[in-house]
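As stored in start-v4.cif (mmCIF, C-alpha atoms and all ligand atoms):
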data_work
#
loop_
_atom_site.group_PDB
_atom_site.id
_atom_site.type_symbol
_atom_site.label_atom_id
_atom_site.label_comp_id
_atom_site.auth_asym_id
_atom_site.auth_seq_id
_atom_site.Cartn_x
_atom_site.Cartn_y
_atom_site.Cartn_z
ATOM 1 C CA MET M 1 187.460 89.305 74.016
ATOM 2 C CA SER M 2 190.774 87.853 75.108
ATOM 3 C CA ALA M 3 190.013 85.587 78.057
ATOM 4 C CA GLY M 4 193.151 86.593 79.935
ATOM 5 C CA ALA M 5 192.109 90.232 80.074
ATOM 6 C CA VAL M 6 188.607 89.631 81.369
ATOM 7 C CA ILE M 7 188.313 90.672 84.993
ATOM 8 C CA ASN M 8 184.904 89.066 85.515
ATOM 9 C CA ALA M 9 183.632 86.605 82.980
ATOM 10 C CA PRO M 10 180.183 87.537 81.646
ATOM 11 C CA ALA M 11 177.425 85.854 83.612
ATOM 12 C CA ASP M 12 175.897 82.893 81.827
ATOM 13 C CA SER M 13 172.686 83.922 80.109
ATOM 14 C CA PRO M 14 169.974 82.244 82.133
ATOM 15 C CA ALA M 15 166.922 80.811 80.408
ATOM 16 C CA ALA M 16 163.866 83.036 79.987
ATOM 17 C CA THR M 17 161.438 82.815 82.889
ATOM 18 C CA PRO M 18 157.667 83.330 82.706
ATOM 19 C CA ASP M 19 156.095 86.508 84.074
ATOM 20 C CA PHE M 20 152.911 86.525 86.157
ATOM 21 C CA ALA M 21 150.760 86.184 83.055
ATOM 22 C CA GLY M 22 152.731 83.128 82.000
ATOM 23 C CA ASN M 23 154.493 84.906 79.095
ATOM 24 C CA ALA M 24 158.174 84.309 78.557
ATOM 25 C CA THR M 25 160.156 87.349 79.693
ATOM 26 C CA SER M 26 163.690 87.890 78.588
ATOM 27 C CA THR M 27 166.393 87.894 81.239
ATOM 28 C CA THR M 28 168.689 89.712 78.822
ATOM 29 C CA PHE M 29 168.031 93.279 77.721
ATOM 30 C CA VAL M 30 170.987 94.285 75.561
ATOM 31 C CA ASP M 31 172.384 91.354 73.607
ATOM 32 C CA PHE M 32 175.381 91.848 71.299
ATOM 33 C CA ASN M 33 176.596 88.666 69.687
ATOM 34 C CA GLN M 34 179.965 88.796 67.869
ATOM 35 C CA VAL M 35 179.235 92.213 66.425
ATOM 36 C CA TYR M 36 181.565 93.861 63.905
ATOM 37 C CA LEU M 37 181.072 97.205 62.201
ATOM 38 C CA ALA M 38 183.032 98.720 59.315
ATOM 39 C CA TYR M 39 181.938 102.192 58.209
ATOM 40 C CA ASP M 40 181.206 102.787 54.539
ATOM 41 C CA ASN M 41 182.065 99.212 53.512
ATOM 42 C CA SER M 42 185.718 99.810 54.373
ATOM 43 C CA ASP M 43 187.876 96.776 55.197
ATOM 44 C CA ALA M 44 188.833 98.192 58.579
ATOM 45 C CA PHE M 45 186.476 97.502 61.432
ATOM 46 C CA ALA M 46 185.661 100.314 63.847
ATOM 47 C CA VAL M 47 184.490 97.731 66.399
ATOM 48 C CA GLU M 48 185.224 94.061 66.367
ATOM 49 C CA ASP M 49 183.806 90.910 67.955
ATOM 50 C CA ILE M 50 181.667 92.678 70.536
ATOM 51 C CA THR M 51 179.742 90.190 72.638
ATOM 52 C CA LEU M 52 177.923 91.396 75.728
ATOM 53 C CA GLN M 53 174.665 90.848 77.520
ATOM 54 C CA THR M 54 172.980 93.009 80.130
ATOM 55 C CA ARG M 55 170.261 92.123 82.620
ATOM 56 C CA PRO M 56 166.984 94.066 82.454
ATOM 57 C CA GLY M 57 167.420 97.281 84.436
ATOM 58 C CA GLU M 58 171.214 97.061 84.486
ATOM 59 C CA PHE M 59 173.358 100.197 84.365
ATOM 60 C CA ILE M 60 176.491 99.639 82.285
ATOM 61 C CA ALA M 61 179.340 102.017 81.532
ATOM 62 C CA ILE M 62 181.738 101.796 78.610
ATOM 63 C CA VAL M 63 185.168 103.311 78.989
ATOM 64 C CA GLY M 64 188.106 103.344 76.619
ATOM 65 C CA PRO M 65 190.586 105.552 74.813
ATOM 66 C CA SER M 66 189.423 108.161 72.333
ATOM 67 C CA GLY M 67 188.343 106.685 69.004
ATOM 68 C CA CYS M 68 187.936 103.141 70.365
ATOM 69 C CA GLY M 69 184.350 102.877 69.168
ATOM 70 C CA LYS M 70 182.222 103.865 72.166
ATOM 71 C CA SER M 71 179.878 106.040 70.102
ATOM 72 C CA THR M 72 179.806 103.347 67.433
ATOM 73 C CA PHE M 73 178.607 100.932 70.101
ATOM 74 C CA MET M 74 175.790 103.380 70.906
ATOM 75 C CA LYS M 75 174.793 103.643 67.255
ATOM 76 C CA LEU M 76 174.579 99.852 67.064
ATOM 77 C CA ALA M 77 172.535 99.659 70.283
ATOM 78 C CA THR M 78 169.981 102.174 69.009
ATOM 79 C CA GLY M 79 169.744 100.768 65.486
ATOM 80 C CA LEU M 80 171.264 103.878 63.883
ATOM 81 C CA LYS M 81 173.892 101.564 62.370
ATOM 82 C CA ALA M 82 173.462 97.933 61.368
ATOM 83 C CA PRO M 83 176.305 95.543 62.156
ATOM 84 C CA THR M 84 178.492 94.408 59.292
ATOM 85 C CA ARG M 85 178.562 91.025 61.014
ATOM 86 C CA GLY M 86 176.870 89.583 64.077
ATOM 87 C CA THR M 87 173.554 90.371 65.735
ATOM 88 C CA VAL M 88 172.181 93.009 68.074
ATOM 89 C CA ARG M 89 169.010 92.271 70.037
ATOM 90 C CA ILE M 90 167.397 94.686 72.435
ATOM 91 C CA ASP M 91 164.636 93.592 74.794
ATOM 92 C CA GLY M 92 164.355 90.270 72.993
ATOM 93 C CA GLN M 93 163.943 91.797 69.502
ATOM 94 C CA ALA M 94 166.451 91.869 66.664
ATOM 95 C CA VAL M 95 167.359 95.498 65.953
ATOM 96 C CA THR M 96 166.547 96.314 62.349
ATOM 97 C CA GLY M 97 166.219 100.118 62.458
ATOM 98 C CA PRO M 98 166.163 103.076 64.844
ATOM 99 C CA LEU M 99 164.536 102.090 68.145
ATOM 100 C CA LYS M 100 161.742 104.043 69.785
ATOM 101 C CA ILE M 101 162.296 102.655 73.267
ATOM 102 C CA VAL M 102 165.456 104.724 73.672
ATOM 103 C CA GLY M 103 166.185 108.128 75.169
ATOM 104 C CA MET M 104 169.519 109.809 74.509
ATOM 105 C CA ALA M 105 171.569 112.609 76.025
ATOM 106 C CA PHE M 106 174.928 113.910 74.861
ATOM 107 C CA GLN M 107 177.739 116.123 76.109
ATOM 108 C CA ALA M 108 176.079 119.214 74.607
ATOM 109 C CA PRO M 109 172.540 119.630 75.958
ATOM 110 C CA THR M 110 171.316 120.850 72.512
ATOM 111 C CA LEU M 111 168.215 122.606 73.830
ATOM 112 C CA LEU M 112 166.403 124.760 71.272
ATOM 113 C CA PRO M 113 167.002 128.391 72.312
ATOM 114 C CA TRP M 114 163.594 129.639 71.190
ATOM 115 C CA ARG M 115 161.712 127.109 73.323
ATOM 116 C CA THR M 116 161.247 127.230 77.075
ATOM 117 C CA THR M 117 162.594 124.441 79.282
ATOM 118 C CA LEU M 118 159.150 122.831 79.396
ATOM 119 C CA GLU M 119 158.721 123.090 75.625
ATOM 120 C CA ASN M 120 162.172 121.565 75.101
ATOM 121 C CA VAL M 121 161.362 118.643 77.378
ATOM 122 C CA LEU M 122 158.065 118.049 75.559
ATOM 123 C CA LEU M 123 159.610 118.211 72.086
ATOM 124 C CA PRO M 124 160.017 114.427 71.491
ATOM 125 C CA LEU M 125 156.324 113.886 72.207
ATOM 126 C CA GLU M 126 155.376 116.492 69.610
ATOM 127 C CA ILE M 127 157.455 115.017 66.819
ATOM 128 C CA VAL M 128 157.924 111.281 67.451
ATOM 129 C CA GLU M 129 155.380 108.584 66.597
ATOM 130 C CA PRO M 130 153.194 107.371 68.237
ATOM 131 C CA TYR M 131 153.006 110.303 70.674
ATOM 132 C CA ARG M 132 152.526 113.022 68.084
ATOM 133 C CA ASN M 133 149.276 111.392 66.949
ATOM 134 C CA THR M 134 147.691 112.022 70.342
ATOM 135 C CA TRP M 135 149.753 115.092 71.218
ATOM 136 C CA LYS M 136 146.837 117.554 71.289
ATOM 137 C CA LYS M 137 144.534 115.228 73.192
ATOM 138 C CA ASP M 138 147.150 114.154 75.747
ATOM 139 C CA ARG M 139 149.016 117.448 76.089
ATOM 140 C CA ALA M 140 147.808 118.137 79.647
ATOM 141 C CA LYS M 141 148.956 114.683 80.783
ATOM 142 C CA TYR M 142 152.358 115.179 79.150
ATOM 143 C CA VAL M 143 152.814 118.636 80.673
ATOM 144 C CA GLU M 144 152.100 117.134 84.079
ATOM 145 C CA ARG M 145 154.671 114.391 83.408
ATOM 146 C CA ALA M 146 157.280 116.933 82.263
ATOM 147 C CA LEU M 147 156.736 119.142 85.305
ATOM 148 C CA ALA M 148 157.091 116.111 87.602
ATOM 149 C CA LEU M 149 160.357 115.156 85.873
ATOM 150 C CA LEU M 150 161.687 118.714 86.120
ATOM 151 C CA LYS M 151 160.896 118.677 89.823
ATOM 152 C CA THR M 152 162.725 115.359 90.280
ATOM 153 C CA VAL M 153 165.906 116.804 88.764
ATOM 154 C CA GLY M 154 165.709 120.015 90.807
ATOM 155 C CA LEU M 155 164.305 122.293 88.094
ATOM 156 C CA GLU M 156 160.986 123.081 89.727
ATOM 157 C CA GLY M 157 160.142 126.692 88.905
ATOM 158 C CA TYR M 158 162.316 126.763 85.751
ATOM 159 C CA ALA M 159 159.762 125.369 83.283
ATOM 160 C CA ASP M 160 159.145 128.773 81.675
ATOM 161 C CA LYS M 161 162.797 129.813 81.497
ATOM 162 C CA TYR M 162 164.684 129.727 78.213
ATOM 163 C CA PRO M 163 167.933 127.723 77.864
ATOM 164 C CA TRP M 164 170.051 130.875 77.952
ATOM 165 C CA GLU M 165 168.586 131.626 81.384
ATOM 166 C CA LEU M 166 169.883 128.278 82.747
ATOM 167 C CA SER M 167 173.389 127.263 83.847
ATOM 168 C CA GLY M 168 175.187 124.462 81.960
ATOM 169 C CA GLY M 169 174.263 121.967 84.678
ATOM 170 C CA MET M 170 170.626 123.042 84.599
ATOM 171 C CA GLN M 171 170.551 122.673 80.819
ATOM 172 C CA GLN M 172 171.928 119.157 81.141
ATOM 173 C CA ARG M 173 169.249 118.320 83.740
ATOM 174 C CA ALA M 174 166.623 119.503 81.251
ATOM 175 C CA SER M 175 168.261 117.451 78.501
ATOM 176 C CA ILE M 176 168.006 114.318 80.690
ATOM 177 C CA CYS M 177 164.305 115.090 81.283
ATOM 178 C CA ARG M 178 163.822 115.381 77.510
ATOM 179 C CA ALA M 179 165.504 111.991 77.058
ATOM 180 C CA LEU M 180 163.153 110.433 79.612
ATOM 181 C CA ILE M 181 159.865 112.169 78.750
ATOM 182 C CA HIS M 182 158.574 109.245 76.662
ATOM 183 C CA GLU M 183 159.470 106.839 79.494
ATOM 184 C CA PRO M 184 161.997 104.860 77.430
ATOM 185 C CA LYS M 185 163.142 101.420 78.486
ATOM 186 C CA MET M 186 166.732 102.364 77.678
ATOM 187 C CA LEU M 187 168.709 105.540 78.295
ATOM 188 C CA LEU M 188 171.891 106.126 76.312
ATOM 189 C CA LEU M 189 174.277 108.712 77.650
ATOM 190 C CA ASP M 190 177.303 109.764 75.601
ATOM 191 C CA GLU M 191 179.654 111.778 77.848
ATOM 192 C CA PRO M 192 176.633 113.619 79.313
ATOM 193 C CA PHE M 193 178.556 115.404 82.068
ATOM 194 C CA GLY M 194 181.870 115.893 80.240
ATOM 195 C CA ALA M 195 181.491 119.646 79.829
ATOM 196 C CA LEU M 196 180.516 120.378 83.440
ATOM 197 C CA ASP M 197 182.673 121.452 86.377
ATOM 198 C CA ALA M 198 183.528 118.773 88.937
ATOM 199 C CA PHE M 199 180.941 119.853 91.544
ATOM 200 C CA THR M 200 178.080 120.096 89.063
ATOM 201 C CA ARG M 201 179.074 116.785 87.553
ATOM 202 C CA GLU M 202 178.861 115.061 90.930
ATOM 203 C CA GLU M 203 175.481 116.683 91.573
ATOM 204 C CA LEU M 204 174.224 115.276 88.282
ATOM 205 C CA TRP M 205 175.596 111.825 89.079
ATOM 206 C CA CYS M 206 173.248 111.893 92.063
ATOM 207 C CA VAL M 207 170.333 113.132 89.921
ATOM 208 C CA LEU M 208 170.887 110.266 87.498
ATOM 209 C CA ARG M 209 171.341 107.764 90.328
ATOM 210 C CA ASP M 210 167.997 108.812 91.848
ATOM 211 C CA LEU M 211 166.134 108.645 88.533
ATOM 212 C CA TRP M 212 167.559 105.211 87.780
ATOM 213 C CA THR M 213 166.946 103.893 91.305
ATOM 214 C CA GLU M 214 163.309 104.959 91.062
ATOM 215 C CA ARG M 215 162.615 103.906 87.467
ATOM 216 C CA LYS M 216 165.130 101.122 86.781
ATOM 217 C CA PHE M 217 165.459 101.782 83.047
ATOM 218 C CA ASN M 218 168.427 100.215 81.274
ATOM 219 C CA VAL M 219 171.400 102.548 80.967
ATOM 220 C CA ILE M 220 174.429 102.574 78.679
ATOM 221 C CA LEU M 221 176.810 105.330 79.728
ATOM 222 C CA VAL M 222 179.834 106.190 77.629
ATOM 223 C CA THR M 223 182.383 108.131 79.599
ATOM 224 C CA HIS M 224 186.055 109.023 79.883
ATOM 225 C CA ASP M 225 185.592 109.579 83.610
ATOM 226 C CA LEU M 226 186.467 106.385 85.482
ATOM 227 C CA ARG M 227 185.115 107.758 88.788
ATOM 228 C CA GLU M 228 181.805 108.440 87.065
ATOM 229 C CA ALA M 229 181.687 104.852 85.785
ATOM 230 C CA ALA M 230 182.589 103.490 89.222
ATOM 231 C CA PHE M 231 180.008 105.672 90.977
ATOM 232 C CA LEU M 232 177.080 104.935 88.688
ATOM 233 C CA ALA M 233 177.434 101.620 86.903
ATOM 234 C CA ASP M 234 176.619 98.055 87.885
ATOM 235 C CA THR M 235 179.077 96.777 85.303
ATOM 236 C CA ILE M 236 181.951 98.522 83.523
ATOM 237 C CA TYR M 237 183.329 97.469 80.151
ATOM 238 C CA VAL M 238 186.763 98.569 78.940
ATOM 239 C CA MET M 239 187.317 98.868 75.193
ATOM 240 C CA SER M 240 190.614 98.616 73.345
ATOM 241 C CA LYS M 241 191.965 101.048 70.763
ATOM 242 C CA ARG M 242 190.632 100.740 67.216
ATOM 243 C CA PRO M 243 189.405 98.272 66.218
ATOM 244 C CA GLY M 244 187.396 98.542 69.423
ATOM 245 C CA ARG M 245 187.026 95.290 71.310
ATOM 246 C CA ILE M 246 185.851 94.662 74.828
ATOM 247 C CA VAL M 247 188.995 93.734 76.708
ATOM 248 C CA ALA M 248 187.628 93.715 80.246
ATOM 249 C CA ARG M 249 184.340 93.461 82.065
ATOM 250 C CA ARG M 250 184.192 94.507 85.694
ATOM 251 C CA GLU M 251 181.186 94.005 87.930
ATOM 252 C CA ASN M 252 181.043 96.826 90.419
ATOM 253 C CA PRO M 253 181.233 95.359 93.930
ATOM 254 C CA LEU M 254 179.953 98.525 95.638
ATOM 255 C CA PRO M 255 176.302 98.258 96.712
ATOM 256 C CA GLN M 256 173.720 100.435 94.954
ATOM 257 C CA PRO M 257 172.555 103.127 95.464
ATOM 258 C CA ARG M 258 175.860 104.838 96.241
ATOM 259 C CA ASP M 259 176.369 108.219 97.824
ATOM 260 C CA LEU M 260 179.247 110.606 97.233
ATOM 261 C CA ASP M 261 180.965 109.503 100.454
ATOM 262 C CA THR M 262 181.527 106.169 98.710
ATOM 263 C CA THR M 263 183.951 107.917 96.356
ATOM 264 C CA TYR M 264 186.327 108.505 99.282
ATOM 265 C CA THR M 265 186.428 104.840 100.324
ATOM 266 C CA GLU M 266 189.235 102.397 99.684
ATOM 267 C CA PRO M 267 187.185 99.920 97.587
ATOM 268 C CA PHE M 268 186.098 102.780 95.313
ATOM 269 C CA SER M 269 189.691 103.970 94.813
ATOM 270 C CA ALA M 270 190.812 100.399 94.206
ATOM 271 C CA LEU M 271 188.179 99.978 91.506
ATOM 272 C CA VAL M 272 189.148 103.239 89.805
ATOM 273 C CA HIS M 273 192.843 102.264 89.933
ATOM 274 C CA GLU M 274 192.073 98.904 88.427
ATOM 275 C CA LEU M 275 190.173 100.533 85.554
ATOM 276 C CA ARG M 276 192.969 103.062 85.054
ATOM 277 C CA GLU M 277 195.473 100.222 84.735
ATOM 278 C CA HIS M 278 193.338 98.653 82.034
ATOM 279 C CA ILE M 279 193.098 101.928 80.142
ATOM 280 C CA GLY M 280 196.880 102.396 80.482
ATOM 281 C CA ARG M 281 197.413 98.942 79.057
ATOM 282 C CA VAL M 282 195.114 99.426 76.059
ATOM 283 C CA ARG M 283 196.597 102.844 75.327
ATOM 284 C CA SER M 284 200.125 101.479 75.291
ATOM 285 C CA THR M 285 199.424 98.470 73.058
HETATM 286 N N1 LIG M 301 180.604 108.094 60.287
HETATM 287 C C1 LIG M 301 181.824 107.557 60.266
HETATM 288 N N2 LIG M 301 182.448 107.223 59.108
HETATM 289 C C2 LIG M 301 183.667 106.664 59.095
HETATM 290 N N3 LIG M 301 184.385 106.385 60.226
HETATM 291 C C3 LIG M 301 183.827 106.693 61.409
HETATM 292 C C4 LIG M 301 182.531 107.304 61.512
HETATM 293 N N4 LIG M 301 182.236 107.487 62.811
HETATM 294 C C5 LIG M 301 183.303 107.021 63.502
HETATM 295 N N5 LIG M 301 184.253 106.551 62.677
HETATM 296 C C6 LIG M 301 185.537 105.956 63.041
HETATM 297 O O1 LIG M 301 185.263 104.833 63.869
HETATM 298 C C7 LIG M 301 186.175 104.768 64.964
HETATM 299 C C8 LIG M 301 185.403 104.784 66.270
HETATM 300 O O2 LIG M 301 184.779 106.067 66.415
HETATM 301 P P1 LIG M 301 183.815 106.424 67.632
HETATM 302 O O3 LIG M 301 183.285 107.793 67.419
HETATM 303 O O4 LIG M 301 182.847 105.320 67.811
HETATM 304 O O5 LIG M 301 184.868 106.399 68.844
HETATM 305 P P2 LIG M 301 184.711 106.963 70.353
HETATM 306 O O6 LIG M 301 185.346 105.930 71.223
HETATM 307 O O7 LIG M 301 183.313 107.312 70.627
HETATM 308 O O8 LIG M 301 185.630 108.258 70.280
HETATM 309 P P3 LIG M 301 185.717 109.511 71.299
HETATM 310 O O9 LIG M 301 186.028 108.941 72.654
HETATM 311 O O10 LIG M 301 186.851 110.315 70.752
HETATM 312 O O11 LIG M 301 184.389 110.200 71.243
HETATM 313 C C9 LIG M 301 187.112 105.954 64.810
HETATM 314 O O12 LIG M 301 188.304 105.502 64.199
HETATM 315 C C10 LIG M 301 186.362 106.918 63.896
HETATM 316 O O13 LIG M 301 187.246 107.652 63.090
#

Can the structure from this file be put into structure tokens for me?
Amino acid sequence: MSAGAVINAPADSPAATPDFAGNATSTTFVDFNQVYLAYDNSDAFAVEDITLQTRPGEFIAIVGPSGCGKSTFMKLATGLKAPTRGTVRIDGQAVTGPLKIVGMAFQAPTLLPWRTTLENVLLPLEIVEPYRNTWKKDRAKYVERALALLKTVGLEGYADKYPWELSGGMQQRASICRALIHEPKMLLLDEPFGALDAFTREELWCVLRDLWTERKFNVILVTHDLREAAFLADTIYVMSKRPGRIVARRENPLPQPRDLDTTYTEPFSALVHELREHIGRVRST
């Protein structure tokens, strides 16, 4: 990271503190240390020298021009790709393969059309270890959990509907429930609201805000929408063009939780303008 471009220097990583049982608990959740990745052993790095740490329960957003390596960052954070150089640790553990403590949602909701909303939400528990081992025994408990989640996101009464009976926004709500059904410690969102109209998108910002405020999982949100990043995230990282580097880190000064009125305030506009200037700069260099 070039020091001159950093808006807020990363907070020093404080030492681990003991929990109530006297065990050391990590004060860092996501920990990237000088991470480089080249695909297919090529000489060209897709991302370069990525160093960042998040606090447990922090909501971060990553913004940057197309092709800068945002999805690559996600693959590294979930263990789908191993770094060519450097280390990735999540929740105090070195990442050596795909992580189970992660839920993911993408721009396309990718619900299976032959399954009802409830069956789609329950799918990860049917197929992913260790849940599938106790799936039959615990099914009633999981159905209850899925119905509670659907209610939280405003889909009460839609459990038995098929995806084609839901609007795009409703499908994305169901997809977020599916990502959270195994109560992951980390939620990764890759442009989750990119295909929705502006009103639905803002509604879903509030759905996500409420889920995160209640459950305080760790979130990495990749987005092209600077207002979305400013509305939701605690900290926003700006990436450069390929090879993707983190060129700026901005702590969001607006208190959480935010409501939509915040988006009409001067500090919110100032933050979005500041981010836009950074994006303009990385696009033109
Ligand atoms: N599987 C792959 N094999 C080879 N190169 C890849 C692969 N996936 C991504 N890349 C390259 O790595 C770079 C970063 O891609 P990535 O998808 O991470 O960017 P992104 O910021 O998520 O893009 P967008 O905003 O357009 O979705 C790009 O140059 C891309 O062509």

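Restricting the calculation to all atoms listed in the file, the smallest distance between ligand LIG 301 (chain M) and any of M:Thr134, M:Thr110, M:Thr223, M:Thr235 is found for M:Thr223.
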
- Can you tell me, as a ChimeraX atom specification, what residues are no more than 10 Å from M:Glu228 when counting all atoms listed in the file, ignoring any on the same chain fewer than 2 positions away? /M:61,193,201-202,205,221-226,230-233,263,272

For chain M against ligand LIG 301 (chain M), with a cut-off of 6 Å and counting all atoms listed in the file, what is the closest atom pair and its distance in Å to one decimal for every residue that makes the cut, ordered by chain and number, as JSON lines?
{"residue": "M:Tyr39", "atom": "CA", "partner": "M:LIG301", "partner_atom": "C2", "distance": 4.9}
{"residue": "M:Ala46", "atom": "CA", "partner": "M:LIG301", "partner_atom": "O1", "distance": 4.5}
{"residue": "M:Ser66", "atom": "CA", "partner": "M:LIG301", "partner_atom": "O9", "distance": 3.5}
{"residue": "M:Gly67", "atom": "CA", "partner": "M:LIG301", "partner_atom": "O8", "distance": 3.4}
{"residue": "M:Cys68", "atom": "CA", "partner": "M:LIG301", "partner_atom": "O6", "distance": 3.9}
{"residue": "M:Gly69", "atom": "CA", "partner": "M:LIG301", "partner_atom": "O4", "distance": 3.2}
{"residue": "M:Lys70", "atom": "CA", "partner": "M:LIG301", "partner_atom": "O6", "distance": 3.9}
{"residue": "M:Ser71", "atom": "CA", "partner": "M:LIG301", "partner_atom": "O7", "distance": 3.7}
{"residue": "M:Thr72", "atom": "CA", "partner": "M:LIG301", "partner_atom": "O4", "distance": 3.6}

Please produce an output containing C-alpha atoms for each residue in the selection, written as an mmCIF file, in the frame of the given file.
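Contents of the output file out.cif:
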data_model
loop_
_atom_site.group_PDB
_atom_site.id
_atom_site.type_symbol
_atom_site.label_atom_id
_atom_site.label_comp_id
_atom_site.auth_asym_id
_atom_site.auth_seq_id
_atom_site.Cartn_x
_atom_site.Cartn_y
_atom_site.Cartn_z
ATOM 1 C CA TYR M 39 181.938 102.192 58.209
ATOM 2 C CA ALA M 46 185.661 100.314 63.847
ATOM 3 C CA SER M 66 189.423 108.161 72.333
ATOM 4 C CA GLY M 67 188.343 106.685 69.004
ATOM 5 C CA CYS M 68 187.936 103.141 70.365
ATOM 6 C CA GLY M 69 184.350 102.877 69.168
ATOM 7 C CA LYS M 70 182.222 103.865 72.166
ATOM 8 C CA SER M 71 179.878 106.040 70.102
ATOM 9 C CA THR M 72 179.806 103.347 67.433
#

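All residues of protein, DNA or RNA that reach within 9 Å of M:Val143, judged by only C-alpha atoms and not counting those fewer than 4 positions away in the chain, are Leu118, Glu119, Leu122, Asp138, Arg139, Leu147 and Ala148 of chain M.
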
Emit the selected residues as an mmCIF file, in the frame of the given file, including C-alpha atoms.
data_model
loop_
_atom_site.group_PDB
_atom_site.id
_atom_site.type_symbol
_atom_site.label_atom_id
_atom_site.label_comp_id
_atom_site.auth_asym_id
_atom_site.auth_seq_id
_atom_site.Cartn_x
_atom_site.Cartn_y
_atom_site.Cartn_z
ATOM 1 C CA LEU M 118 159.150 122.831 79.396
ATOM 2 C CA GLU M 119 158.721 123.090 75.625
ATOM 3 C CA LEU M 122 158.065 118.049 75.559
ATOM 4 C CA ASP M 138 147.150 114.154 75.747
ATOM 5 C CA ARG M 139 149.016 117.448 76.089
ATOM 6 C CA LEU M 147 156.736 119.142 85.305
ATOM 7 C CA ALA M 148 157.091 116.111 87.602
#

- Item | Length of the atom CA of M:Tyr162 to atom CA of M:Asn133 vector [Å] |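 Interatomic distance here is 26.5 Å.
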
- Please check which residues have atoms at most 9 Å from (189.5, 105.5, 78.0) in the file's coordinates, counting all atoms listed in the file, and write them as a PyMOL selection string. chain M and resi 62-66+68+223-226+238-241+276+278-280+282-283

Take the PyMOL selection byres (((chain M and resi 177) around 8) and not hetatm), run it mentally on this structure, and tell me the resulting residues as a short mmCIF file (atom, residue, chain, number, x, y, z; two decimals) with C-alpha atoms, keeping the file's coordinate frame.
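The result, written out as selection.cif:
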data_model
loop_
_atom_site.label_atom_id
_atom_site.label_comp_id
_atom_site.auth_asym_id
_atom_site.auth_seq_id
_atom_site.Cartn_x
_atom_site.Cartn_y
_atom_site.Cartn_z
CA VAL M 121 161.36 118.64 77.38
CA ALA M 146 157.28 116.93 82.26
CA LEU M 149 160.36 115.16 85.87
CA LEU M 150 161.69 118.71 86.12
CA VAL M 153 165.91 116.80 88.76
CA ARG M 173 169.25 118.32 83.74
CA ALA M 174 166.62 119.50 81.25
CA SER M 175 168.26 117.45 78.50
CA ILE M 176 168.01 114.32 80.69
CA ARG M 178 163.82 115.38 77.51
CA ALA M 179 165.50 111.99 77.06
CA LEU M 180 163.15 110.43 79.61
CA ILE M 181 159.86 112.17 78.75
#

- Message: List the spatial neighbours of M:Trp164 as a list in words - criterion: any atom at most 10 Å away, all atoms listed in the file, same-chain residues fewer than 5 positions off excluded.
- Response: Leu111, Leu112, Pro113, Trp114, Thr116, Thr117 and Gln171 of chain M

- Message: Report, in Å to a single decimal, how far apart atom CA of M:Ile246 and atom CA of M:Cys206 are.
- Response: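 So the two atoms, atom CA of M:Cys206 and atom CA of M:Ile246, lie 27.4 Å apart.
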
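Using only C-alpha atoms, the smallest distance between any of M:Glu251, M:Glu277, M:Glu191, M:Asp91 and M:Asp31 comes from M:Asp91.
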
- Query: For M:Val207, which of M:Leu52, M:Val88, M:Leu188, M:Met170 is the closest residue, counting all atoms listed in the file?
  - Reply: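 Among the listed residues, M:Met170 lies closest to M:Val207.
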
- In Å, how far is it from atom CA of M:Gly86 to atom CA of M:Pro98? 17.2 Å

- Among listed residues M:Gly168, M:Pro257, M:Pro267, M:Pro243, nearest M:Trp212 (using all atoms listed in the file):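 That would be M:Pro257, the residue with the smallest distance to M:Trp212.
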
- Residue contacts of M:Ala108 (8 Å, all atoms listed in the file) excluding same-chain residues fewer than 5 positions away, as a PyMOL selection string: chain M and resi 172+192+195

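Considering all atoms listed in the file, the residue among M:Lys100, M:Met186, M:Thr213, M:Asp43 positioned nearest to M:Glu129 is M:Lys100.
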
- Top pick for closest residue to M:Leu166, considering M:Pro109, M:Thr84, M:Leu125, M:Lys141 and counting all atoms listed in the file: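 Between M:Pro109, M:Thr84, M:Leu125, M:Lys141, the residue approaching M:Leu166 most closely is M:Pro109.
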